[in-house]
>>> print(open('upload-v1.txt').read())   # compact mmCIF, C-alpha atoms
# COMPACT_ATOMS: atom_id res chain seq x y z
CA MET I 1 0.00 0.00 0.00
CA GLU I 2 2.85 2.43 0.84
CA ASN I 3 4.20 3.96 -2.39
CA GLN I 4 6.85 6.70 -2.11
CA TRP I 5 7.32 9.12 -5.00
CA PRO I 6 10.31 11.38 -5.80
CA GLN I 7 9.75 15.06 -5.10
CA GLY I 8 9.75 17.85 -7.69
CA SER I 9 9.22 17.49 -11.44
CA ALA I 10 10.60 13.97 -11.48
CA GLY I 11 8.03 12.95 -8.92
CA LYS I 12 5.20 14.50 -10.88
CA GLN I 13 6.31 12.73 -14.06
CA SER I 14 6.53 9.44 -12.18
CA LEU I 15 2.98 9.96 -10.82
CA ILE I 16 1.63 10.77 -14.27
CA ALA I 17 3.24 7.61 -15.69
CA TYR I 18 1.75 5.65 -12.79
CA CYS I 19 -1.72 7.08 -13.44
CA VAL I 20 -1.56 6.07 -17.07
CA ARG I 21 -1.21 2.46 -15.95
CA MET I 22 -3.90 2.74 -13.25
CA ALA I 23 -7.70 2.71 -13.39
CA VAL I 24 -7.91 6.20 -11.94
CA VAL I 25 -6.51 9.47 -13.22
CA PRO I 26 -7.08 13.12 -12.40
CA GLY I 27 -10.69 13.91 -13.31
CA THR I 28 -11.99 10.44 -12.36
CA ARG I 29 -15.19 10.65 -10.32
CA VAL I 30 -14.93 8.80 -7.02
CA VAL I 31 -17.29 7.96 -4.19
CA GLY I 32 -15.70 7.71 -0.77
CA SER I 33 -16.37 7.71 2.95
CA ILE I 34 -15.01 10.33 5.37
CA GLU I 35 -12.47 8.46 7.51
CA TYR I 36 -10.97 11.40 9.39
CA LEU I 37 -11.63 15.11 9.63
CA ASN I 38 -10.64 18.20 11.55
CA GLU I 39 -11.15 21.92 11.08
CA ARG I 40 -8.69 22.13 8.16
CA PHE I 41 -9.07 18.97 6.09
CA ALA I 42 -10.64 15.55 5.73
CA VAL I 43 -9.30 12.17 4.65
CA ILE I 44 -11.45 10.07 2.33
CA GLU I 45 -11.37 6.31 1.81
CA PRO I 46 -12.33 5.57 -1.84
CA ILE I 47 -15.19 3.10 -2.28
CA PHE I 48 -16.12 3.34 -6.00
CA ASN I 49 -14.57 4.78 -9.15
CA LYS I 50 -16.66 5.74 -12.13
CA ARG I 51 -15.53 4.13 -15.37
CA GLY I 52 -17.67 5.32 -18.26
CA LEU I 53 -21.27 5.18 -17.01
CA ASN I 54 -20.64 2.51 -14.37
CA TRP I 55 -19.43 2.63 -10.79
CA GLU I 56 -16.76 0.02 -9.99
CA PRO I 57 -15.29 -0.97 -6.62
CA ALA I 58 -12.16 1.04 -5.85
CA ASN I 59 -8.79 -0.67 -5.62
CA LEU I 60 -6.95 1.12 -2.84
CA ASP I 61 -3.65 0.25 -4.48
CA ASP I 62 -4.61 2.75 -7.19
CA TYR I 63 -4.45 5.57 -4.59
CA PRO I 64 -0.87 6.16 -3.54
CA ARG I 65 0.48 6.54 -0.95
CA ARG I 66 -2.04 5.38 1.71
CA GLY I 67 -5.01 4.28 -0.34
CA ARG I 68 -6.70 7.55 0.63
CA VAL I 69 -7.64 10.94 -0.89
CA PHE I 70 -6.94 14.28 0.79
CA TRP I 71 -9.68 16.94 0.99
CA TRP I 72 -8.57 20.44 1.90
CA SER I 73 -10.99 22.86 3.63
CA PRO I 74 -14.37 21.14 3.16
CA GLN I 75 -17.15 23.73 2.83
CA VAL I 76 -20.01 21.39 3.78
CA PRO I 77 -21.03 19.98 7.19
CA LEU I 78 -19.27 16.65 7.65
CA SER I 79 -19.13 13.81 10.12
CA THR I 80 -17.12 10.61 10.19
CA GLY I 81 -18.83 8.11 7.91
CA SER I 82 -20.38 10.75 5.62
CA VAL I 83 -20.23 9.79 1.95
CA ALA I 84 -19.02 12.21 -0.71
CA VAL I 85 -18.59 12.22 -4.46
CA PHE I 86 -15.71 14.14 -6.00
CA GLU I 87 -13.22 14.38 -8.84
CA LEU I 88 -9.58 13.40 -8.43
CA ASP I 89 -6.92 16.07 -8.62
CA LEU I 90 -3.18 15.87 -8.19
CA GLY I 91 -2.17 16.67 -4.64
CA LYS I 92 0.15 19.56 -3.82
CA GLY I 93 2.51 18.17 -1.26
CA ASP I 94 -0.31 16.40 0.59
CA PRO I 95 0.17 13.10 2.46
CA ASP I 96 -1.77 11.46 -0.39
CA GLU I 97 -0.96 11.81 -4.07
CA PHE I 98 -4.59 12.52 -4.99
CA ALA I 99 -6.72 15.34 -3.64
CA ALA I 100 -10.47 15.88 -3.90
CA ARG I 101 -11.95 18.69 -5.97
CA ASN I 102 -15.61 19.66 -6.62
CA ALA I 103 -16.54 17.43 -3.69
CA GLN I 104 -20.07 17.26 -2.39
CA LEU I 105 -21.95 15.05 0.01
CA LEU I 106 -24.17 12.36 -1.42
CA SER I 107 -27.81 12.29 -0.31
CA PRO I 108 -28.89 9.27 1.74
CA VAL I 109 -31.59 7.06 0.21
CA LEU I 110 -34.41 5.88 2.48
CA ASP I 111 -35.64 2.36 1.80
CA TYR I 112 -39.33 2.32 0.83
CA ARG I 113 -38.98 -0.33 -1.89
CA SER I 114 -42.06 -2.23 -0.64
CA THR I 115 -44.16 0.96 -0.44
CA PRO I 116 -46.02 2.94 -3.15
CA TYR I 117 -44.62 6.42 -3.64
CA ASP I 118 -47.72 8.21 -2.27
CA LYS I 119 -47.67 6.14 0.94
CA ALA I 120 -43.94 6.80 1.36
CA ILE I 121 -44.52 10.56 1.17
CA GLU I 122 -47.47 10.24 3.57
CA ASP I 123 -45.25 8.42 6.07
CA LEU I 124 -42.36 10.88 5.74
CA THR I 125 -44.60 13.94 6.12
CA THR I 126 -46.75 12.70 9.01
CA SER I 127 -44.41 10.80 11.35
CA TRP I 128 -40.97 11.18 12.90
CA SER I 129 -38.28 8.70 11.88
CA SER I 130 -34.80 7.90 13.13
CA ASN I 131 -31.83 7.68 10.77
CA ASN I 132 -28.27 8.61 11.73
CA ARG I 133 -27.41 9.39 8.10
CA ILE I 134 -29.82 12.34 7.98
CA VAL I 135 -28.01 15.63 8.66
CA ASN I 136 -29.17 19.22 8.85
CA GLY I 137 -29.16 21.02 5.55
CA ALA I 138 -28.72 17.87 3.43
CA ASP I 139 -31.43 16.47 1.18
CA CYS I 140 -32.53 12.86 1.14
CA TYR I 141 -34.39 10.63 -1.33
CA ALA I 142 -36.90 7.80 -0.98
CA LEU I 143 -36.61 4.62 -3.07
CA CYS I 144 -40.16 3.34 -3.62
CA GLN I 145 -42.00 0.59 -5.47
CA SER I 146 -41.49 0.31 -9.24
CA ASP I 147 -37.88 1.50 -8.88
CA ARG I 148 -38.93 5.12 -8.40
CA LEU I 149 -36.49 7.38 -6.60
CA ILE I 150 -38.40 10.44 -5.37
CA GLY I 151 -36.82 13.64 -4.18
CA PRO I 152 -34.94 15.69 -3.26
CA LEU I 153 -36.69 15.92 0.13
CA THR I 154 -35.47 18.33 2.79
CA PRO I 155 -35.77 16.87 6.31
CA THR I 156 -36.52 18.76 9.52
CA ILE I 157 -34.37 17.35 12.32
CA ASP I 158 -34.89 17.26 16.08
CA ASP I 159 -32.17 15.42 17.96
CA ARG I 160 -31.99 11.96 16.31
CA TYR I 161 -35.39 12.16 14.65
CA PHE I 162 -36.57 13.79 11.45
CA PHE I 163 -39.60 14.28 9.26
CA VAL I 164 -40.25 16.00 5.94
CA ASP I 165 -42.34 19.15 6.28
CA ALA I 166 -45.10 19.01 3.64
CA GLN I 167 -45.19 22.82 3.58
CA ASN I 168 -41.70 22.77 2.04
CA LEU I 169 -42.83 20.49 -0.79
CA ARG I 170 -44.98 20.93 -3.82
CA LEU I 171 -46.84 17.70 -3.15
CA ASP I 172 -48.62 17.70 -6.51
CA ARG I 173 -45.29 17.60 -8.41
CA ILE I 174 -42.60 15.59 -6.61
CA PRO I 175 -39.60 14.87 -8.93
CA PHE I 176 -38.57 11.27 -9.51
CA ARG I 177 -35.82 9.30 -11.23
CA HIS I 178 -35.16 5.63 -11.89
CA SER I 179 -33.00 4.27 -9.11
CA TYR I 180 -30.72 2.17 -11.32
CA ASP I 181 -29.32 5.37 -12.83
CA HIS I 182 -28.63 7.15 -9.57
CA VAL I 183 -28.52 4.90 -6.49
CA ILE I 184 -25.14 3.79 -5.19
CA THR I 185 -25.19 0.86 -2.74
CA LEU I 186 -22.21 0.68 -0.40
CA PRO I 187 -20.69 -2.65 0.71
CA ASP I 188 -22.43 -2.29 4.10
CA GLY I 189 -25.83 -1.96 2.40
CA ARG I 190 -26.27 1.79 2.84
CA GLN I 191 -27.60 3.54 -0.24
CA TYR I 192 -26.90 7.03 -1.53
CA CYS I 193 -28.08 9.09 -4.47
CA ASP I 194 -25.88 10.69 -7.08
CA ALA I 195 -28.58 12.87 -8.64
CA ALA I 196 -26.40 14.78 -11.04
CA SER I 197 -28.86 14.49 -13.94
CA PRO I 198 -32.33 16.11 -14.02
CA ALA I 199 -35.50 14.31 -12.94
CA ILE I 200 -37.30 12.30 -15.62
CA GLY I 201 -40.81 13.14 -14.39
CA HIS I 202 -43.07 14.17 -11.52
CA LEU I 203 -45.62 12.43 -9.29
CA ASP I 204 -48.74 13.72 -7.56
CA CYS I 205 -48.23 12.80 -3.88
CA ARG I 206 -51.14 14.70 -2.35
CA PRO I 207 -53.67 12.90 -0.06
CA ASP I 208 -56.09 10.44 -1.71
CA GLY I 209 -59.11 12.76 -1.61
CA GLU I 210 -57.34 15.60 -3.41
CA VAL I 211 -55.90 13.27 -6.05
CA LEU I 212 -59.35 11.75 -6.68
CA ARG I 213 -60.97 15.16 -7.14
CA THR I 214 -58.26 16.36 -9.51
CA ALA I 215 -58.21 13.10 -11.47
CA LEU I 216 -62.00 13.10 -11.85
CA THR I 217 -62.02 16.71 -13.06
CA HIS I 218 -59.26 15.88 -15.53
CA ALA I 219 -61.07 12.72 -16.65
CA LYS I 220 -64.26 14.67 -17.34
CA SER I 221 -62.33 17.10 -19.52
CA ILE I 222 -60.75 14.25 -21.53
CA ALA I 223 -63.74 11.92 -21.94
CA PRO I 224 -66.87 14.02 -21.33
CA SER I 225 -69.13 12.26 -23.81
CA ILE I 226 -68.94 8.73 -22.40
CA LEU I 227 -72.33 7.57 -21.14
CA ILE I 228 -71.81 5.81 -17.80
CA PRO I 229 -74.29 5.06 -14.98
CA GLU I 230 -73.84 7.48 -12.08
CA PHE I 231 -72.78 4.80 -9.57
CA LEU I 232 -69.99 3.67 -11.91
CA ALA I 233 -69.03 7.08 -13.23
CA THR I 234 -65.91 7.79 -11.18
CA LYS I 235 -63.98 4.60 -11.87
CA LYS I 236 -65.14 3.99 -15.45
CA LEU I 237 -64.60 7.61 -16.43
CA MET I 238 -61.02 7.61 -15.17
CA GLN I 239 -60.32 4.32 -16.95
CA ALA I 240 -61.60 5.82 -20.18
CA ALA I 241 -59.59 9.00 -19.61
CA ALA I 242 -56.38 7.03 -19.02
CA GLU I 243 -56.89 5.31 -22.36
CA ALA I 244 -57.76 8.57 -24.12
CA LEU I 245 -54.96 10.85 -22.92
CA PRO I 246 -54.22 13.34 -25.72
CA GLU I 247 -51.23 12.41 -27.83
CA GLY I 248 -50.43 16.10 -28.19
CA ASP I 249 -49.25 16.43 -24.58
CA GLY I 250 -45.52 16.25 -23.96
CA ASP I 251 -44.27 12.83 -22.90
CA GLY I 252 -43.44 14.01 -19.38
CA ASP I 253 -46.78 15.76 -18.84
CA ARG I 254 -48.71 12.87 -20.39
CA GLN I 255 -47.00 10.35 -18.09
CA TYR I 256 -47.59 12.63 -15.08
CA LYS I 257 -51.33 12.71 -15.80
CA ARG I 258 -51.43 8.97 -16.47
CA ASP I 259 -49.68 8.23 -13.17
CA ARG I 260 -52.24 10.37 -11.32
CA LEU I 261 -55.17 8.64 -13.04
CA GLU I 262 -53.67 5.23 -12.30
CA ARG I 263 -53.23 6.15 -8.65
CA ALA I 264 -56.85 7.37 -8.51
CA LEU I 265 -57.95 4.04 -9.99
CA ARG I 266 -55.96 2.19 -7.30
CA ILE I 267 -57.71 4.27 -4.65
CA CYS I 268 -61.09 3.27 -6.13
CA GLU I 269 -60.07 -0.39 -6.31
CA ASP I 270 -58.75 -0.33 -2.73
CA SER I 271 -62.04 1.20 -1.58
CA ASP I 272 -64.02 -1.48 -3.42
CA GLN I 273 -61.85 -4.21 -1.87
CA ILE I 274 -62.20 -2.72 1.62
CA ARG I 275 -65.98 -2.60 1.31
CA SER I 276 -66.12 -6.14 -0.07
CA SER I 277 -63.79 -7.46 2.63
CA ALA I 278 -65.75 -5.66 5.35
CA VAL I 279 -69.02 -7.26 4.23
CA GLU I 280 -67.40 -10.70 3.98
CA LEU I 281 -65.78 -10.32 7.41
CA ALA I 282 -69.05 -9.17 8.97
CA ASN I 283 -70.93 -12.15 7.54
CA THR I 284 -68.27 -14.52 8.80
CA LEU I 285 -68.26 -13.04 12.29
CA ILE I 286 -72.05 -13.08 12.55
CA ASN I 287 -72.13 -16.82 11.92
CA LEU I 288 -69.37 -17.80 14.36
CA PRO I 289 -71.00 -19.47 17.43
CA PRO I 290 -68.59 -17.96 20.00
CA LEU I 291 -69.29 -14.50 18.65
CA LYS I 292 -72.94 -14.86 17.72
CA ASP I 293 -74.16 -14.77 21.33
CA GLU I 294 -71.93 -11.79 22.04
CA LEU I 295 -73.19 -10.02 18.93
CA ASP I 296 -76.79 -10.81 19.93
CA ARG I 297 -76.18 -9.38 23.38
CA ALA I 298 -74.54 -6.34 21.90
CA HIS I 299 -77.45 -5.99 19.47
CA ASP I 300 -80.01 -6.29 22.30
CA ALA I 301 -78.11 -3.79 24.43
CA ALA I 302 -77.86 -1.40 21.52
CA LEU I 303 -81.56 -1.83 20.76
CA GLU I 304 -82.50 -1.27 24.41
CA LYS I 305 -80.31 1.81 24.52
CA ALA I 306 -81.85 3.10 21.29
CA ILE I 307 -85.37 2.59 22.73
CA ASP I 308 -84.41 4.35 25.99
CA ASP I 309 -82.84 7.20 24.04
CA ALA I 310 -85.95 7.46 21.87
CA LYS I 311 -88.20 7.49 24.94
CA ARG I 312 -86.12 10.20 26.59
CA ALA I 313 -86.10 12.22 23.41
CA ALA I 314 -89.90 11.80 23.04
CA ALA I 315 -90.46 12.75 26.71
CA ASN I 316 -88.28 15.82 26.34
CA GLU I 317 -90.05 16.79 23.14
CA LEU I 318 -93.47 16.23 24.81
CA ALA I 319 -92.45 18.37 27.80
CA GLU I 320 -91.32 21.12 25.45
CA GLU I 321 -94.61 20.91 23.52
CA GLN I 322 -96.63 20.98 26.77
CA ALA I 323 -94.70 24.01 28.00
CA ALA I 324 -95.32 25.73 24.68
CA LEU I 325 -99.03 24.82 24.88
CA ALA I 326 -99.28 26.19 28.45
CA HIS I 327 -97.64 29.40 27.27
CA LEU I 328 -100.12 29.70 24.41
CA ARG I 329 -103.04 29.06 26.76
CA SER I 330 -101.77 31.78 29.12
CA GLU I 331 -101.49 34.18 26.21
CA ARG I 332 -105.03 33.22 25.12
CA ASP I 333 -106.39 33.89 28.64
CA ASP I 334 -104.66 37.27 28.68
CA ILE I 335 -106.20 38.12 25.30
CA GLU I 336 -109.67 37.01 26.44
CA THR I 337 -109.36 39.19 29.57
CA GLN I 338 -108.32 42.12 27.43
CA VAL I 339 -111.28 41.51 25.08
CA SER I 340 -113.72 41.33 28.03
CA GLN I 341 -112.34 44.56 29.41
CA ALA I 342 -112.67 46.15 25.99
CA HIS I 343 -116.31 45.03 25.76
CA SER I 344 -117.04 46.54 29.19
CA GLU I 345 -115.45 49.79 28.16
CA LEU I 346 -117.48 49.75 24.95
CA ARG I 347 -120.75 49.19 26.84
CA LYS I 348 -119.90 52.02 29.21
CA ILE I 349 -119.15 54.32 26.30
CA ARG I 350 -122.41 53.33 24.58
CA THR I 351 -124.37 54.09 27.79
CA GLU I 352 -122.69 57.46 28.10
CA VAL I 353 -123.43 58.20 24.44
CA GLN I 354 -127.10 57.23 24.87
CA THR I 355 -127.39 59.42 27.98
CA ALA I 356 -125.78 62.32 26.16
CA GLN I 357 -128.13 61.85 23.19
CA ALA I 358 -131.16 61.84 25.54
CA ASP I 359 -129.96 65.06 27.19
CA VAL I 360 -129.51 66.71 23.80
CA THR I 361 -132.98 65.58 22.71
CA ARG I 362 -134.57 67.05 25.84
CA GLN I 363 -132.74 70.30 25.38
CA LEU I 364 -133.82 70.53 21.73
CA ASP I 365 -137.47 69.80 22.64
CA SER I 366 -137.38 72.50 25.31
CA LEU I 367 -135.81 74.96 22.93
CA GLU I 368 -138.42 74.20 20.25
CA SER I 369 -141.23 74.64 22.72
CA SER I 370 -139.87 77.98 23.81
CA VAL I 371 -139.62 79.19 20.23
CA THR I 372 -143.14 78.06 19.43
CA ASN I 373 -144.69 79.88 22.38
CA TRP I 374 -142.76 83.08 21.87
CA GLN I 375 -144.61 85.95 19.94
CA VAL I 376 -143.07 89.10 18.53
CA PRO I 377 -144.52 92.28 20.26
CA GLY I 378 -147.02 94.20 18.10
CA ASN I 379 -148.22 91.22 16.24
CA ARG I 380 -150.66 90.04 18.80
CA SER I 381 -154.14 89.16 17.57
CA ARG I 382 -156.86 91.76 18.06
>>> encode(input="upload-v1.txt", output="structure tokens")
Amino acid sequence: MENQWPQGSAGKQSLIAYCVRMAVVPGTRVVGSIEYLNERFAVIEPIFNKRGLNWEPANLDDYPRRGRVFWWSPQVPLSTGSVAVFELDLGKGDPDEFAARNAQLLSPVLDYRSTPYDKAIEDLTTSWSSNNRIVNGADCYALCQSDRLIGPLTPTIDDRYFFVDAQNLRLDRIPFRHSYDHVITLPDGRQYCDAASPAIGHLDCRPDGEVLRTALTHAKSIAPSILIPEFLATKKLMQAAAEALPEGDGDGDRQYKRDRLERALRICEDSDQIRSSAVELANTLINLPPLKDELDRAHDAALEKAIDDAKRAAANELAEEQAALAHLRSERDDIETQVSQAHSELRKIRTEVQTAQADVTRQLDSLESSVTNWQVPGNRSR
């Protein structure tokens, strides 16, 4: 492992000749693990070299003098065991002949290979997880079913636990890649992502209800003329829409819409299966002798409780109606008293009017009699 090289120009020429014979040369991309670090530099143990498009296990003999690579003044947060990708450069008097340039930390990959992408996002955004490879400020990725690598995802960390804050994501358009192009598996089984190339598409990772509403609206716009019974409309319409996606859409956008429709169809199918399984389970339980008596007792208790509740509700309603009726009767009695008083007042007024009319009549009769008996002086009969 120890290889000593002459100093000066002769040493540099010897190193160049050595590199020509070796699998690695300046500019070779390398993946390595941080073995040692301090405030000024880090020492990296090579794990893989990139030859063409493939990553190959590193031969430490190709890295004179100690089978290591020197990294001056790292500008990223590091810890022992962190994994970085970098390009080889010739060292400048360093303990190792190669130095790291353009180095950056690789993003850890979380293993969700048995989980659909939407459920993986739901888990990451709703629960705290523990993973000692997650560090502040560094993105991570999730490897899901169908070889889909989704991310980057920025974790929020508290002590040893982390979660992905949904508010920091555009859940309706999460980028994804195919893992075989970007995932690097270390000898100890840890996986990291070298996401140097752009994403190949996006996935709608919103909750089921939002995806269903969006997919149904989209399906209606694609296949509005299909005649489907109302109770079958949602599922059949989305199936028809998936088959009728416009060819004019770009490949990426078309696949994005198809993925959303397919997820919506899975939601429908899962709901159908849940309902079917629930009915089947209920029928099975009802017919099991050990449970039948218990179910009968529970049924009787529930029925008795329902009857008691109904009786109490009816009694309360009857009491309220009786109180309202008593109030109405009281109001009626008050009105009748007021009417009786009004009639008495009216009779009194009529009596007073009649008395006044009689007085006026007597006065008029007296006045008429006085006028009749009165004679003008000088006109008396002779």
>>> closest_residue(input="upload-v1.txt", among="I:Asn102, I:Gln322, I:Ser146, I:Ser33", to="I:Val69", atoms="only C-alpha atoms")
I:Ser33
>>> residues_around(input="upload-v1.txt", residues="I:Leu171", least_positions_apart="6", cutoff="7 Å", atoms="only C-alpha atoms", output="ChimeraX atom specification")
/I:204-206
>>> atom_distance(input="upload-v1.txt", atom1="atom CA of I:Leu149", atom2="atom CA of I:Ser179")
5.3 Å
>>> atom_distance(input="upload-v1.txt", atom1="atom CA of I:Thr126", atom2="atom CA of I:Phe162")
10.5 Å
>>> atom_distance(input="upload-v1.txt", atom1="atom CA of I:Asp111", atom2="atom CA of I:Cys144")
7.1 Å
>>> residues_around(input="upload-v1.txt", residues="stretch 37-47 of chain I", least_positions_apart="3", cutoff="6 Å", atoms="only C-alpha atoms", output="number ranges by chain")
I: 31-34, 57-58, 68-73
>>> closest_residue(input="upload-v1.txt", among="I:Arg148, I:His327, I:Arg350, I:Arg190", to="I:Pro116", atoms="only C-alpha atoms")
I:Arg148
>>> closest_residue(input="upload-v1.txt", among="I:Ser79, I:Leu203, I:Lys348, I:Phe48", to="I:Pro187", atoms="all atoms listed in the file")
I:Phe48
